[in-house]
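Colleague: Input structure: coords-v3.txt, which contains compact mmCIF, C-alpha atoms and all ligand atoms.
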```
# COMPACT_ATOMS: atom_id res chain seq x y z
CA MET A 289 86.47 323.55 89.47
CA ASN A 290 88.22 325.39 86.68
CA LYS A 291 89.98 327.55 89.26
CA VAL A 292 91.08 324.45 91.21
CA ILE A 293 92.61 322.98 88.03
CA HIS A 294 94.32 326.28 87.25
CA CYS A 295 95.81 326.32 90.78
CA ALA A 296 97.19 322.81 90.24
CA VAL A 297 98.75 323.90 86.92
CA ARG A 298 100.38 326.98 88.48
CA ARG A 299 101.59 324.90 91.43
CA ASP A 300 103.23 322.28 89.20
CA LEU A 301 104.92 324.96 87.08
CA SER A 302 106.48 326.56 90.14
CA ARG A 303 107.49 323.14 91.52
CA PHE A 304 109.25 322.33 88.24
CA ARG A 305 110.99 325.72 88.35
CA ALA A 306 112.35 325.06 91.87
CA ALA A 307 113.27 321.44 91.05
CA LEU A 308 115.16 322.37 87.87
CA GLU A 309 117.01 325.18 89.65
CA SER A 310 118.28 322.82 92.35
CA PHE A 311 118.92 319.86 90.02
CA GLN A 312 122.28 318.18 90.68
CA ASP A 313 124.32 317.12 87.65
CA GLY A 314 124.10 313.35 87.13
CA ASP A 315 121.12 312.73 89.45
CA ARG A 316 119.44 310.10 87.26
CA ALA A 317 116.80 309.12 89.82
CA ARG A 318 115.69 312.75 90.16
CA ALA A 319 115.65 313.23 86.37
CA ALA A 320 113.46 310.12 86.01
CA GLY A 321 111.12 311.28 88.78
CA LEU A 322 110.77 314.74 87.26
CA HIS A 323 110.02 313.15 83.92
CA ARG A 324 107.19 311.07 85.42
CA ALA A 325 105.76 314.23 86.98
CA TRP A 326 106.22 316.04 83.68
CA GLU A 327 104.31 313.39 81.69
CA ASN A 328 101.39 313.70 84.08
CA PHE A 329 101.47 317.52 83.91
CA ASP A 330 101.68 317.41 80.10
CA ASP A 331 98.64 315.07 79.96
CA GLN A 332 96.60 317.13 82.42
CA LEU A 333 97.23 320.45 80.69
CA THR A 334 96.63 319.03 77.21
CA HIS A 335 93.44 317.26 78.32
CA HIS A 336 92.17 320.37 80.13
CA HIS A 337 92.59 322.64 77.16
CA GLU A 338 91.25 320.21 74.58
CA GLY A 339 88.25 319.73 76.88
CA GLU A 340 87.73 323.47 77.13
CA HIS A 341 87.73 323.82 73.38
CA GLU A 342 85.12 321.08 72.95
CA ILE A 343 82.99 321.55 76.07
CA ALA A 344 83.52 324.96 77.70
CA TRP A 345 83.56 327.26 74.68
CA PRO A 346 80.03 326.32 73.54
CA ALA A 347 78.81 326.98 77.11
CA LEU A 348 80.61 330.34 77.21
CA LEU A 349 79.07 331.37 73.89
CA ALA A 350 75.65 330.40 75.24
CA VAL A 351 76.00 332.66 78.30
CA GLY A 352 77.07 335.67 76.25
CA VAL A 353 80.84 335.54 75.72
CA GLY A 354 81.78 336.95 72.30
CA GLN A 355 83.39 334.93 69.53
CA ASP A 356 86.35 337.37 69.58
CA THR A 357 87.12 336.35 73.18
CA ILE A 358 86.87 332.65 72.29
CA ASP A 359 89.21 333.24 69.33
CA ARG A 360 91.70 334.96 71.65
CA PHE A 361 91.53 331.99 74.07
CA ASP A 362 92.15 329.61 71.16
CA ASP A 363 95.21 331.64 70.10
CA GLU A 364 96.49 331.50 73.68
CA HIS A 365 95.89 327.74 73.73
CA GLU A 366 97.95 327.39 70.55
CA ALA A 367 100.80 329.39 72.09
CA MET A 368 100.63 327.09 75.13
CA ALA A 369 100.56 323.95 73.00
CA SER A 370 103.72 324.98 71.16
CA ALA A 371 105.50 325.96 74.42
CA LEU A 372 104.36 322.62 75.83
CA ALA A 373 105.87 320.78 72.84
CA GLU A 374 109.19 322.59 73.29
CA SER A 375 109.23 321.77 77.01
CA ARG A 376 108.33 318.13 76.25
CA THR A 377 111.50 317.83 74.13
CA ALA A 378 113.62 319.56 76.78
CA MET A 379 112.29 317.38 79.61
CA GLY A 380 112.88 314.27 77.47
CA ALA A 381 116.51 315.33 76.96
CA LEU A 382 116.96 315.83 80.71
CA ALA A 383 115.48 312.38 81.39
CA GLY A 384 118.04 310.91 78.97
CA SER A 385 121.18 312.72 80.15
CA ALA A 386 120.48 313.85 83.74
CA SER A 387 122.92 316.68 83.00
CA ARG A 388 122.94 320.11 84.58
CA ALA A 389 123.13 321.65 81.08
CA ASP A 390 119.88 319.92 80.08
CA ALA A 391 118.29 321.04 83.37
CA ASP A 392 119.20 324.61 82.35
CA SER A 393 117.63 324.30 78.92
CA ALA A 394 114.54 322.62 80.40
CA ALA A 395 114.32 325.51 82.89
CA SER A 396 114.39 328.06 80.08
CA SER A 397 111.71 326.18 78.07
CA LEU A 398 109.52 325.85 81.15
CA ALA A 399 109.95 329.55 81.96
CA LYS A 400 108.41 330.34 78.55
CA LEU A 401 105.68 327.78 79.12
CA GLU A 402 104.93 329.27 82.53
CA GLU A 403 104.70 332.76 81.11
CA VAL A 404 102.23 331.93 78.31
CA THR A 405 100.24 329.61 80.56
CA VAL A 406 99.86 331.96 83.51
CA THR A 407 98.96 334.83 81.16
CA HIS A 408 96.23 332.69 79.61
CA LEU A 409 94.90 331.30 82.91
CA ASP A 410 94.64 334.83 84.35
CA ALA A 411 92.83 336.10 81.23
CA GLU A 412 90.46 333.15 81.20
CA GLU A 413 89.60 333.45 84.89
CA GLN A 414 88.82 337.15 84.50
CA VAL A 415 86.18 336.30 81.91
CA THR A 416 84.86 332.97 83.14
CA GLU A 417 84.84 333.16 86.95
CA PRO A 418 82.16 335.90 87.25
CA LEU A 419 80.12 334.33 84.44
CA PHE A 420 80.15 330.81 85.86
CA ALA A 421 79.23 332.21 89.29
CA GLU A 422 76.36 334.24 87.81
CA HIS A 423 75.08 331.41 85.59
CA HIS A 424 75.81 328.55 87.98
CA ASP A 425 72.32 327.06 87.51
CA HIS A 426 72.02 327.71 83.77
CA PRO A 427 71.23 324.40 82.01
CA VAL A 428 74.15 324.92 79.61
CA VAL A 429 76.58 325.41 82.52
CA LYS A 430 75.20 322.34 84.33
CA GLU A 431 75.50 320.31 81.14
CA MET A 432 79.11 321.48 80.79
CA GLY A 433 79.84 320.21 84.33
CA ARG A 434 78.28 316.84 83.50
CA LYS A 435 80.35 316.51 80.31
CA PHE A 436 83.59 317.38 82.12
CA GLY A 437 82.68 314.80 84.78
CA LYS A 438 82.42 311.95 82.27
CA GLN A 439 85.80 310.29 82.18
CA PRO A 440 87.13 306.79 82.79
CA LEU A 441 87.76 306.00 86.49
CA GLY A 442 91.53 305.70 86.02
CA VAL A 443 91.71 309.15 84.44
CA ALA A 444 89.47 310.64 87.14
CA GLY A 445 91.46 308.96 89.93
CA THR A 446 94.72 310.41 88.64
CA PHE A 447 93.10 313.80 88.12
CA PHE A 448 91.69 314.00 91.68
CA ALA A 449 94.99 312.81 93.17
CA TRP A 450 96.84 315.49 91.18
CA VAL A 451 94.59 318.48 91.97
CA GLN A 452 94.71 317.67 95.69
CA ASP A 453 98.47 317.13 95.87
CA GLY A 454 99.69 320.28 97.62
CA ALA A 455 96.27 322.01 97.47
CA GLY A 456 95.61 324.63 100.16
CA PRO A 457 92.46 324.91 102.29
CA ALA A 458 90.72 327.35 99.88
CA GLU A 459 91.14 324.93 96.96
CA MET A 460 89.97 321.97 99.03
CA THR A 461 86.85 323.91 100.05
CA ALA A 462 86.18 324.88 96.42
CA LEU A 463 86.65 321.27 95.35
CA ARG A 464 84.24 319.94 97.98
CA ASP A 465 81.67 322.57 96.98
CA GLU A 466 81.65 321.21 93.43
CA VAL A 467 82.21 317.49 93.85
CA PRO A 468 80.65 315.04 96.36
CA ALA A 469 83.06 314.27 99.23
CA PRO A 470 83.29 310.51 98.53
CA VAL A 471 84.42 311.25 94.97
CA VAL A 472 87.09 313.69 96.18
CA THR A 473 88.38 311.20 98.77
CA LEU A 474 87.82 307.78 97.25
CA LEU A 475 88.69 308.25 93.58
CA PRO A 476 92.38 309.00 94.27
CA LEU A 477 92.53 306.16 96.79
CA LEU A 478 90.97 303.59 94.49
CA PHE A 479 92.07 304.76 91.04
CA GLY A 480 94.89 307.24 91.62
CA ARG A 481 97.40 304.73 92.87
CA ARG A 482 99.97 305.44 90.16
CA TYR A 483 99.97 309.18 90.89
CA ARG A 484 100.21 308.58 94.65
CA LYS A 485 103.03 306.04 94.37
CA GLU A 486 105.09 307.41 91.49
CA ILE A 487 104.52 311.16 91.26
CA ALA A 488 103.48 312.57 94.66
CA PRO A 489 106.82 311.41 96.17
CA VAL A 490 108.72 313.43 93.52
CA TRP A 491 107.26 316.61 95.02
CA ALA A 492 107.32 315.40 98.61
CA THR A 493 111.13 315.20 98.47
CA SER A 494 111.64 318.52 96.69
CA GLY A 495 111.00 320.58 99.82
CA SER A 496 108.36 322.60 97.96
CA HIS A 497 105.72 321.91 100.61
FE FE B 501 92.20 327.58 78.84
```
Using structure tokens, write down the structure from this file.
Modeller:
Amino acid sequence: MNKVIHCAVRRDLSRFRAALESFQDGDRARAAGLHRAWENFDDQLTHHHEGEHEIAWPALLAVGVGQDTIDRFDDEHEAMASALAESRTAMGALAGSASRADADSAASSLAKLEEVTVTHLDAEEQVTEPLFAEHHDHPVVKEMGRKFGKQPLGVAGTFFAWVQDGAGPAEMTALRDEVPAPVVTLLPLLFGRRYRKEIAPVWATSGSH
């Protein structure tokens, strides 16, 4: 599941890169659409990393990860949070002006965000993927999955709509291995309406997939 989320994060970052590169000066509708997609991305990444700090780190410590590794992950999260804040300001400016100049500065903020984020996601996967596979049935790992699963239906609906938007076959298989099929299919349909109506079309028209 963590890998599926990471794929969605990487996918959005590259979609923003392409969209900002091809942004046409004065295209207010596109600027507004990108800002809606940005707000969702910002929420998802913030929520994911706050959740890791509270829920995943205790599980990692319990299956043998050292405190030094956790501290390094926390430092990387802080670097991401500050790059995220800078990008939030830049995307807000673009939403206000719809100018090519603001698309350029948003692109340079997001390039920094992408660099620190991808570096962190790669480092985290190297440590956690083999461990979670090895300790899949460990009570602490199962408990972690249950805690991550507890969220309001609206939040879960948006989340499942987002991770599936543009997902390839490998991610869909991984998702269905972890989550019952009705949840994967029905949550976005019933509770992910806002994502499907207001954000998915932003990417559908960008020619990114
Ligand atoms: Fe992380």
Colleague: Taking all atoms listed in the file into account, produce a table as CSV in which each residue of chain A with an atom at most 12 Å from an atom of ligand FE 501 (chain B) appears once, together with its shortest atom pair and the distance in Å to one decimal, ordered by chain and rising number.
Modeller:
```
residue,atom,partner,partner_atom,distance
A:Asn290,CA,B:FE501,FE,9.1
A:Lys291,CA,B:FE501,FE,10.7
A:Ile293,CA,B:FE501,FE,10.3
A:His294,CA,B:FE501,FE,8.8
A:Val297,CA,B:FE501,FE,11.0
A:Gln332,CA,B:FE501,FE,11.9
A:Leu333,CA,B:FE501,FE,8.9
A:Thr334,CA,B:FE501,FE,9.8
A:His335,CA,B:FE501,FE,10.4
A:His336,CA,B:FE501,FE,7.3
A:His337,CA,B:FE501,FE,5.2
A:Glu338,CA,B:FE501,FE,8.6
A:Gly339,CA,B:FE501,FE,9.0
A:Glu340,CA,B:FE501,FE,6.3
A:His341,CA,B:FE501,FE,8.0
A:Glu342,CA,B:FE501,FE,11.3
A:Ile343,CA,B:FE501,FE,11.4
A:Ala344,CA,B:FE501,FE,9.1
A:Trp345,CA,B:FE501,FE,9.6
A:Thr357,CA,B:FE501,FE,11.6
A:Ile358,CA,B:FE501,FE,9.8
A:Asp359,CA,B:FE501,FE,11.5
A:Arg360,CA,B:FE501,FE,10.3
A:Phe361,CA,B:FE501,FE,6.5
A:Asp362,CA,B:FE501,FE,7.9
A:Asp363,CA,B:FE501,FE,10.1
A:Glu364,CA,B:FE501,FE,7.8
A:His365,CA,B:FE501,FE,6.3
A:Glu366,CA,B:FE501,FE,10.1
A:Ala367,CA,B:FE501,FE,11.1
A:Met368,CA,B:FE501,FE,9.2
A:Ala369,CA,B:FE501,FE,10.8
A:Val404,CA,B:FE501,FE,10.9
A:Thr405,CA,B:FE501,FE,8.5
A:Val406,CA,B:FE501,FE,10.0
A:Thr407,CA,B:FE501,FE,10.2
A:His408,CA,B:FE501,FE,6.6
A:Leu409,CA,B:FE501,FE,6.1
A:Asp410,CA,B:FE501,FE,9.4
A:Ala411,CA,B:FE501,FE,8.9
A:Glu412,CA,B:FE501,FE,6.3
A:Glu413,CA,B:FE501,FE,8.8
A:Gln414,CA,B:FE501,FE,11.6
A:Val415,CA,B:FE501,FE,11.0
A:Thr416,CA,B:FE501,FE,10.1
```
Colleague: Please, what distance in Å, to one decimal, runs between CA of Val443 in chain A and CA of Arg481 in chain A?
Modeller: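 Rounded to one decimal, the two atoms are 11.1 Å apart.
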Colleague: I'd like to know which of A:Asp313, A:Arg305, A:Ala296, A:Trp491 is closest to Ser387 in chain A, using all atoms listed in the file.
Modeller: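 Checking each of A:Asp313, A:Arg305, A:Ala296, A:Trp491 against Ser387 in chain A, counting all atoms listed in the file, the winner is A:Asp313.
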Colleague: So, with all atoms listed in the file as the atoms that count, which of A:Gly437, A:Pro468, A:Pro489, A:Gly384 lies closest to Asp453 in chain A?
Modeller: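 Among A:Gly437, A:Pro468, A:Pro489, A:Gly384, it is A:Pro489 that comes nearest to Asp453 in chain A.
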Colleague: What is the distance, in Å and to one decimal place, between CA of Gly454 in chain A and CA of Trp326 in chain A?
Modeller: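 Going from CA of Gly454 in chain A over to CA of Trp326 in chain A covers 16.0 Å.
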Colleague: What is the CA of Ser302 in chain A to CA of Phe329 in chain A distance in Å?
Modeller: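 Distance between the two atoms: 12.1 Å.
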Colleague: Report as JSON, numbers by chain all protein, DNA and RNA residues lying within 12 Å of range 422-424 of chain A, evaluated on all atoms listed in the file, omitting residues in the same chain fewer than 2 positions from it.
Modeller: {"A": [289, 347, 348, 350, 351, 352, 415, 416, 417, 418, 419, 420, 426, 427, 428, 429, 430, 431, 432, 433, 466]}
Colleague: What's the 12 Å shell around Val471 in chain A, counting only C-alpha atoms, without same-chain residues fewer than 3 positions away, as a list in words?
Modeller: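 Counting only the stated atoms, we get Gly437, Leu441, Ala444, Gly445, Phe447, Phe448, Ala449, Leu463, Arg464, Asp465, Glu466, Val467, Pro468, Leu474, Leu475, Pro476, Leu477, Leu478, Phe479 and Gly480 of chain A.
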Colleague: Which residue gives the smallest distance to Glu486 in chain A among A:Asp392, A:Ser310, A:Ala320, A:Phe304, with all atoms listed in the file counted?
Modeller: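 Checking each of A:Asp392, A:Ser310, A:Ala320, A:Phe304 against Glu486 in chain A, counting all atoms listed in the file, the winner is A:Ala320.
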Colleague: Find, counting all atoms listed in the file, the residue in A:Val353, A:Cys295, A:Leu308, A:Met460 that gets nearest to Leu382 in chain A.
Modeller: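 When distances to Leu382 in chain A are compared using all atoms listed in the file, the smallest one comes from A:Leu308.
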Colleague: Might you pull out every residue within 12 Å of Arg316 in chain A, with all atoms listed in the file counted and same-chain residues fewer than 4 positions away left off, and present them as an MDAnalysis selection string?
Modeller: chainID A and resid 311:312 320:323 381:388 391
Colleague: Restricting the calculation to only C-alpha atoms, which member of A:Asp356, A:Asp330, A:Asp390, A:Glu402 is positioned closest to Arg299 in chain A?
Modeller: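 Result for the nearest residue to Arg299 in chain A: A:Glu402.
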